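See below for protein_8.txt, which holds compact mmCIF, N, CA and C atoms.
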```
# COMPACT_ATOMS: atom_id res chain seq x y z
N MET A 1401 17.00 72.98 67.74
CA MET A 1401 17.06 74.28 67.12
C MET A 1401 17.57 74.13 65.69
N ALA A 1402 16.94 74.80 64.77
CA ALA A 1402 17.36 74.78 63.37
C ALA A 1402 18.65 75.57 63.22
N ALA A 1403 19.45 75.21 62.21
CA ALA A 1403 20.71 75.91 61.95
C ALA A 1403 20.49 77.39 61.72
N THR A 1404 19.40 77.75 61.07
CA THR A 1404 19.14 79.17 60.78
C THR A 1404 18.95 79.99 62.05
N GLY A 1405 18.63 79.36 63.18
CA GLY A 1405 18.45 80.06 64.43
C GLY A 1405 19.72 80.20 65.25
N ARG A 1406 20.82 79.60 64.80
CA ARG A 1406 22.08 79.66 65.53
C ARG A 1406 22.85 80.93 65.21
N PRO A 1407 23.52 81.52 66.19
CA PRO A 1407 24.32 82.72 65.94
C PRO A 1407 25.43 82.44 64.94
N GLY A 1408 25.61 83.33 64.00
CA GLY A 1408 26.68 83.21 63.01
C GLY A 1408 26.34 82.39 61.78
N PHE A 1409 25.19 81.71 61.77
CA PHE A 1409 24.82 80.93 60.60
C PHE A 1409 24.51 81.87 59.44
N LEU A 1410 25.10 81.57 58.26
CA LEU A 1410 24.87 82.41 57.09
C LEU A 1410 23.99 81.74 56.04
N ARG A 1411 24.39 80.52 55.59
CA ARG A 1411 23.63 79.86 54.53
C ARG A 1411 24.14 78.44 54.33
N VAL A 1412 23.42 77.68 53.55
CA VAL A 1412 23.85 76.36 53.09
C VAL A 1412 24.10 76.48 51.60
N GLU A 1413 25.26 76.01 51.16
CA GLU A 1413 25.60 76.08 49.75
C GLU A 1413 25.81 74.69 49.19
N ARG A 1414 25.48 74.51 47.94
CA ARG A 1414 25.75 73.26 47.25
C ARG A 1414 26.83 73.52 46.21
N TYR A 1415 27.90 72.74 46.27
CA TYR A 1415 28.99 72.89 45.33
C TYR A 1415 28.85 71.86 44.23
N GLU A 1416 29.00 72.28 42.99
CA GLU A 1416 28.91 71.37 41.86
C GLU A 1416 30.24 70.67 41.58
N VAL A 1417 31.34 71.26 42.04
CA VAL A 1417 32.65 70.64 41.86
C VAL A 1417 33.04 69.93 43.15
N PRO A 1418 33.80 68.83 43.06
CA PRO A 1418 34.19 68.11 44.28
C PRO A 1418 34.97 69.00 45.23
N GLN A 1419 34.71 68.86 46.51
CA GLN A 1419 35.38 69.64 47.54
C GLN A 1419 36.24 68.71 48.40
N VAL A 1420 37.42 69.17 48.76
CA VAL A 1420 38.29 68.40 49.64
C VAL A 1420 37.66 68.33 51.02
N ARG A 1421 37.56 67.12 51.57
CA ARG A 1421 36.94 66.91 52.89
C ARG A 1421 37.98 66.73 53.98
N GLY A 1422 39.21 66.36 53.58
CA GLY A 1422 40.27 66.14 54.56
C GLY A 1422 41.59 65.84 53.86
N VAL A 1423 42.64 65.72 54.66
CA VAL A 1423 43.97 65.42 54.14
C VAL A 1423 44.60 64.35 55.02
N LEU A 1424 45.21 63.33 54.37
CA LEU A 1424 45.91 62.27 55.08
C LEU A 1424 47.38 62.28 54.70
N PRO A 1425 48.28 61.90 55.60
CA PRO A 1425 49.71 61.85 55.25
C PRO A 1425 49.96 60.79 54.18
N GLY A 1426 51.01 61.00 53.39
CA GLY A 1426 51.34 60.11 52.27
C GLY A 1426 51.93 58.77 52.66
N GLY A 1427 52.47 58.66 53.87
CA GLY A 1427 53.05 57.39 54.31
C GLY A 1427 54.19 56.97 53.40
N ASN A 1428 54.25 55.70 53.06
CA ASN A 1428 55.31 55.16 52.20
C ASN A 1428 54.86 55.01 50.75
N TRP A 1429 53.86 55.73 50.33
CA TRP A 1429 53.36 55.59 48.96
C TRP A 1429 54.15 56.46 48.00
N LYS A 1430 54.24 55.98 46.74
CA LYS A 1430 54.91 56.72 45.68
C LYS A 1430 54.07 56.69 44.41
N LEU A 1431 54.27 57.70 43.56
CA LEU A 1431 53.65 57.75 42.24
C LEU A 1431 54.74 57.52 41.21
N ARG A 1432 54.43 56.67 40.22
CA ARG A 1432 55.38 56.40 39.16
C ARG A 1432 54.66 56.48 37.82
N LYS A 1433 55.27 57.15 36.85
CA LYS A 1433 54.68 57.21 35.51
C LYS A 1433 54.64 55.82 34.91
N LYS A 1434 53.55 55.48 34.23
CA LYS A 1434 53.41 54.16 33.63
C LYS A 1434 54.45 53.93 32.54
N ASP A 1435 54.80 54.98 31.82
CA ASP A 1435 55.77 54.81 30.73
C ASP A 1435 57.15 55.37 31.09
N GLY A 1436 57.41 55.56 32.39
CA GLY A 1436 58.66 56.18 32.82
C GLY A 1436 59.59 55.20 33.51
N PRO A 1437 60.67 55.71 34.10
CA PRO A 1437 61.62 54.87 34.81
C PRO A 1437 61.01 54.28 36.08
N ASN A 1438 61.73 53.35 36.70
CA ASN A 1438 61.20 52.63 37.86
C ASN A 1438 61.14 53.44 39.14
N PHE A 1439 61.89 54.54 39.26
CA PHE A 1439 61.83 55.32 40.51
C PHE A 1439 60.52 56.10 40.54
N GLY A 1440 60.08 56.43 41.72
CA GLY A 1440 58.81 57.16 41.86
C GLY A 1440 58.98 58.42 42.67
N HIS A 1441 57.94 59.22 42.68
CA HIS A 1441 57.92 60.45 43.46
C HIS A 1441 57.14 60.19 44.74
N PRO A 1442 57.69 60.53 45.91
CA PRO A 1442 56.97 60.30 47.16
C PRO A 1442 55.64 61.05 47.21
N VAL A 1443 54.63 60.38 47.71
CA VAL A 1443 53.33 61.02 47.95
C VAL A 1443 53.43 61.70 49.30
N VAL A 1444 53.23 63.01 49.33
CA VAL A 1444 53.33 63.75 50.60
C VAL A 1444 52.00 63.77 51.34
N ALA A 1445 50.89 63.61 50.60
CA ALA A 1445 49.57 63.61 51.23
C ALA A 1445 48.54 63.04 50.27
N PHE A 1446 47.40 62.66 50.82
CA PHE A 1446 46.23 62.27 50.03
C PHE A 1446 45.12 63.26 50.32
N LEU A 1447 44.56 63.86 49.29
CA LEU A 1447 43.39 64.72 49.45
C LEU A 1447 42.17 63.82 49.46
N VAL A 1448 41.31 63.96 50.45
CA VAL A 1448 40.13 63.11 50.62
C VAL A 1448 38.90 63.85 50.13
N TYR A 1449 38.20 63.26 49.16
CA TYR A 1449 36.94 63.79 48.63
C TYR A 1449 35.81 62.89 49.11
N ASP A 1450 34.59 63.13 48.70
CA ASP A 1450 33.45 62.31 49.15
C ASP A 1450 33.57 60.86 48.73
N THR A 1451 34.03 60.60 47.50
CA THR A 1451 34.03 59.22 46.99
C THR A 1451 35.39 58.73 46.53
N TYR A 1452 36.45 59.50 46.72
CA TYR A 1452 37.79 59.08 46.28
C TYR A 1452 38.85 59.87 47.02
N VAL A 1453 40.10 59.41 46.88
CA VAL A 1453 41.25 60.16 47.40
C VAL A 1453 42.18 60.45 46.23
N ARG A 1454 42.96 61.53 46.34
CA ARG A 1454 43.89 61.91 45.28
C ARG A 1454 45.28 62.06 45.90
N PRO A 1455 46.27 61.28 45.38
CA PRO A 1455 47.62 61.42 45.91
C PRO A 1455 48.25 62.74 45.46
N VAL A 1456 49.03 63.35 46.35
CA VAL A 1456 49.69 64.62 46.05
C VAL A 1456 51.19 64.42 46.22
N SER A 1457 51.96 64.67 45.15
CA SER A 1457 53.41 64.57 45.25
C SER A 1457 54.09 65.90 44.98
N SER A 1458 53.32 66.89 44.52
CA SER A 1458 53.86 68.23 44.25
C SER A 1458 52.70 69.21 44.20
N LEU A 1459 53.02 70.47 44.08
CA LEU A 1459 51.98 71.49 43.95
C LEU A 1459 51.31 71.37 42.59
N PRO A 1460 50.06 71.84 42.45
CA PRO A 1460 49.37 71.75 41.16
C PRO A 1460 50.01 72.67 40.12
N SER A 1461 49.66 72.46 38.87
CA SER A 1461 50.17 73.29 37.78
C SER A 1461 49.64 74.72 37.93
N ALA A 1462 50.12 75.61 37.07
CA ALA A 1462 49.70 77.01 37.11
C ALA A 1462 48.19 77.16 36.92
N LYS A 1463 47.56 76.23 36.22
CA LYS A 1463 46.10 76.28 36.00
C LYS A 1463 45.33 75.69 37.18
N GLY A 1464 46.05 75.22 38.21
CA GLY A 1464 45.39 74.68 39.38
C GLY A 1464 44.96 73.24 39.24
N ARG A 1465 45.48 72.53 38.25
CA ARG A 1465 45.10 71.13 38.03
C ARG A 1465 46.23 70.21 38.44
N TRP A 1466 45.87 69.09 39.04
CA TRP A 1466 46.85 68.08 39.40
C TRP A 1466 47.16 67.26 38.16
N ARG A 1467 48.41 66.92 37.96
CA ARG A 1467 48.82 66.24 36.74
C ARG A 1467 48.70 64.73 36.79
N ALA A 1468 48.79 64.11 37.94
CA ALA A 1468 48.76 62.66 38.05
C ALA A 1468 47.33 62.14 37.96
N ASN A 1469 47.14 61.07 37.21
CA ASN A 1469 45.84 60.40 37.17
C ASN A 1469 46.05 58.92 36.89
N ALA A 1470 44.99 58.14 36.98
CA ALA A 1470 45.08 56.69 36.85
C ALA A 1470 45.55 56.25 35.46
N GLU A 1471 45.31 57.06 34.44
CA GLU A 1471 45.73 56.69 33.09
C GLU A 1471 47.24 56.85 32.90
N THR A 1472 47.86 57.77 33.65
CA THR A 1472 49.27 58.07 33.43
C THR A 1472 50.20 57.59 34.53
N HIS A 1473 49.69 57.28 35.72
CA HIS A 1473 50.55 56.95 36.86
C HIS A 1473 50.10 55.69 37.59
N HIS A 1474 51.08 55.00 38.20
CA HIS A 1474 50.84 53.90 39.13
C HIS A 1474 51.03 54.43 40.53
N LEU A 1475 50.25 53.94 41.47
CA LEU A 1475 50.43 54.24 42.88
C LEU A 1475 50.95 52.97 43.53
N PHE A 1476 52.10 53.03 44.20
CA PHE A 1476 52.64 51.83 44.83
C PHE A 1476 53.25 52.17 46.17
N GLN A 1477 53.35 51.16 47.04
CA GLN A 1477 53.90 51.38 48.37
C GLN A 1477 55.37 50.98 48.33
N SER A 1478 56.25 51.88 48.76
CA SER A 1478 57.68 51.59 48.74
C SER A 1478 58.05 50.67 49.90
N ASP A 1479 59.17 49.99 49.75
CA ASP A 1479 59.62 49.04 50.77
C ASP A 1479 60.14 49.70 52.00
```
Encoding of this model in structure tokens:
Amino acid sequence: MAATGRPGFLRVERYEVPQVRGVLPGGNWKLRKKDGPNFGHPVVAFLVYDTYVRPVSSLPSAKGRWRANAETHHLFQSD
């Protein structure tokens, strides 16, 4: 049976922006600024996208953007 024939089916949509596919716990991972002190911020979760994961250590900024990226932060596993 095609999806269109199933009860409750509305439509198929294509998103142009990456969509979160899942969430994983942060484990013992931390984020540390490349130009900052040696202590890091605990990663509370990883957002899983189609081709990458994004560590989360805090809520996003007021504009809804995450501040950590590969150019500014190191990801490391704490002891």
(message) Under the rule that only C-alpha atoms are counted, which of A:Phe1439, A:Phe1476, A:Tyr1449, A:Trp1429 is the nearest residue to A:Val1417?
(response)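 Checking each candidate against A:Val1417, we get A:Tyr1449 as the closest.
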(message) One decimal, in Å: what's the spacing between atom C of A:Gly1422 and atom C of A:Ala1445?
(response)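 Separation between atom C of A:Gly1422 and atom C of A:Ala1445: 8.3 Å.
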(message) I'd like the interatomic distance between atom N of A:Glu1413 and atom C of A:Thr1451, to a tenth of an Å.
(response)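 The value is 20.6 Å.
When atom N of A:Phe1409 is paired with atom C of A:Leu1447, their separation reads 27.6 Å.
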(message) DSSP on the backbone: which residues in stretch 1407-1440 of chain A end up as strand (DSSP E or B)? Give the answer as a ChimeraX atom specification.
(response) /A:1422-1425,1429-1433
(message) Can you tell me which residues surround A:Pro1442 at a distance of at most 6.5 Å, considering all atoms listed in the file, apart from same-chain residues fewer than 2 positions away, and format the answer as a ChimeraX atom specification?
(response) /A:1429-1431,1440,1444-1445,1456-1457
(message) Under the rule that only C-alpha atoms are counted, which of A:His1441, A:Lys1463, A:Arg1406, A:Arg1454 is the nearest residue to A:Arg1421?
(response) A:Arg1454
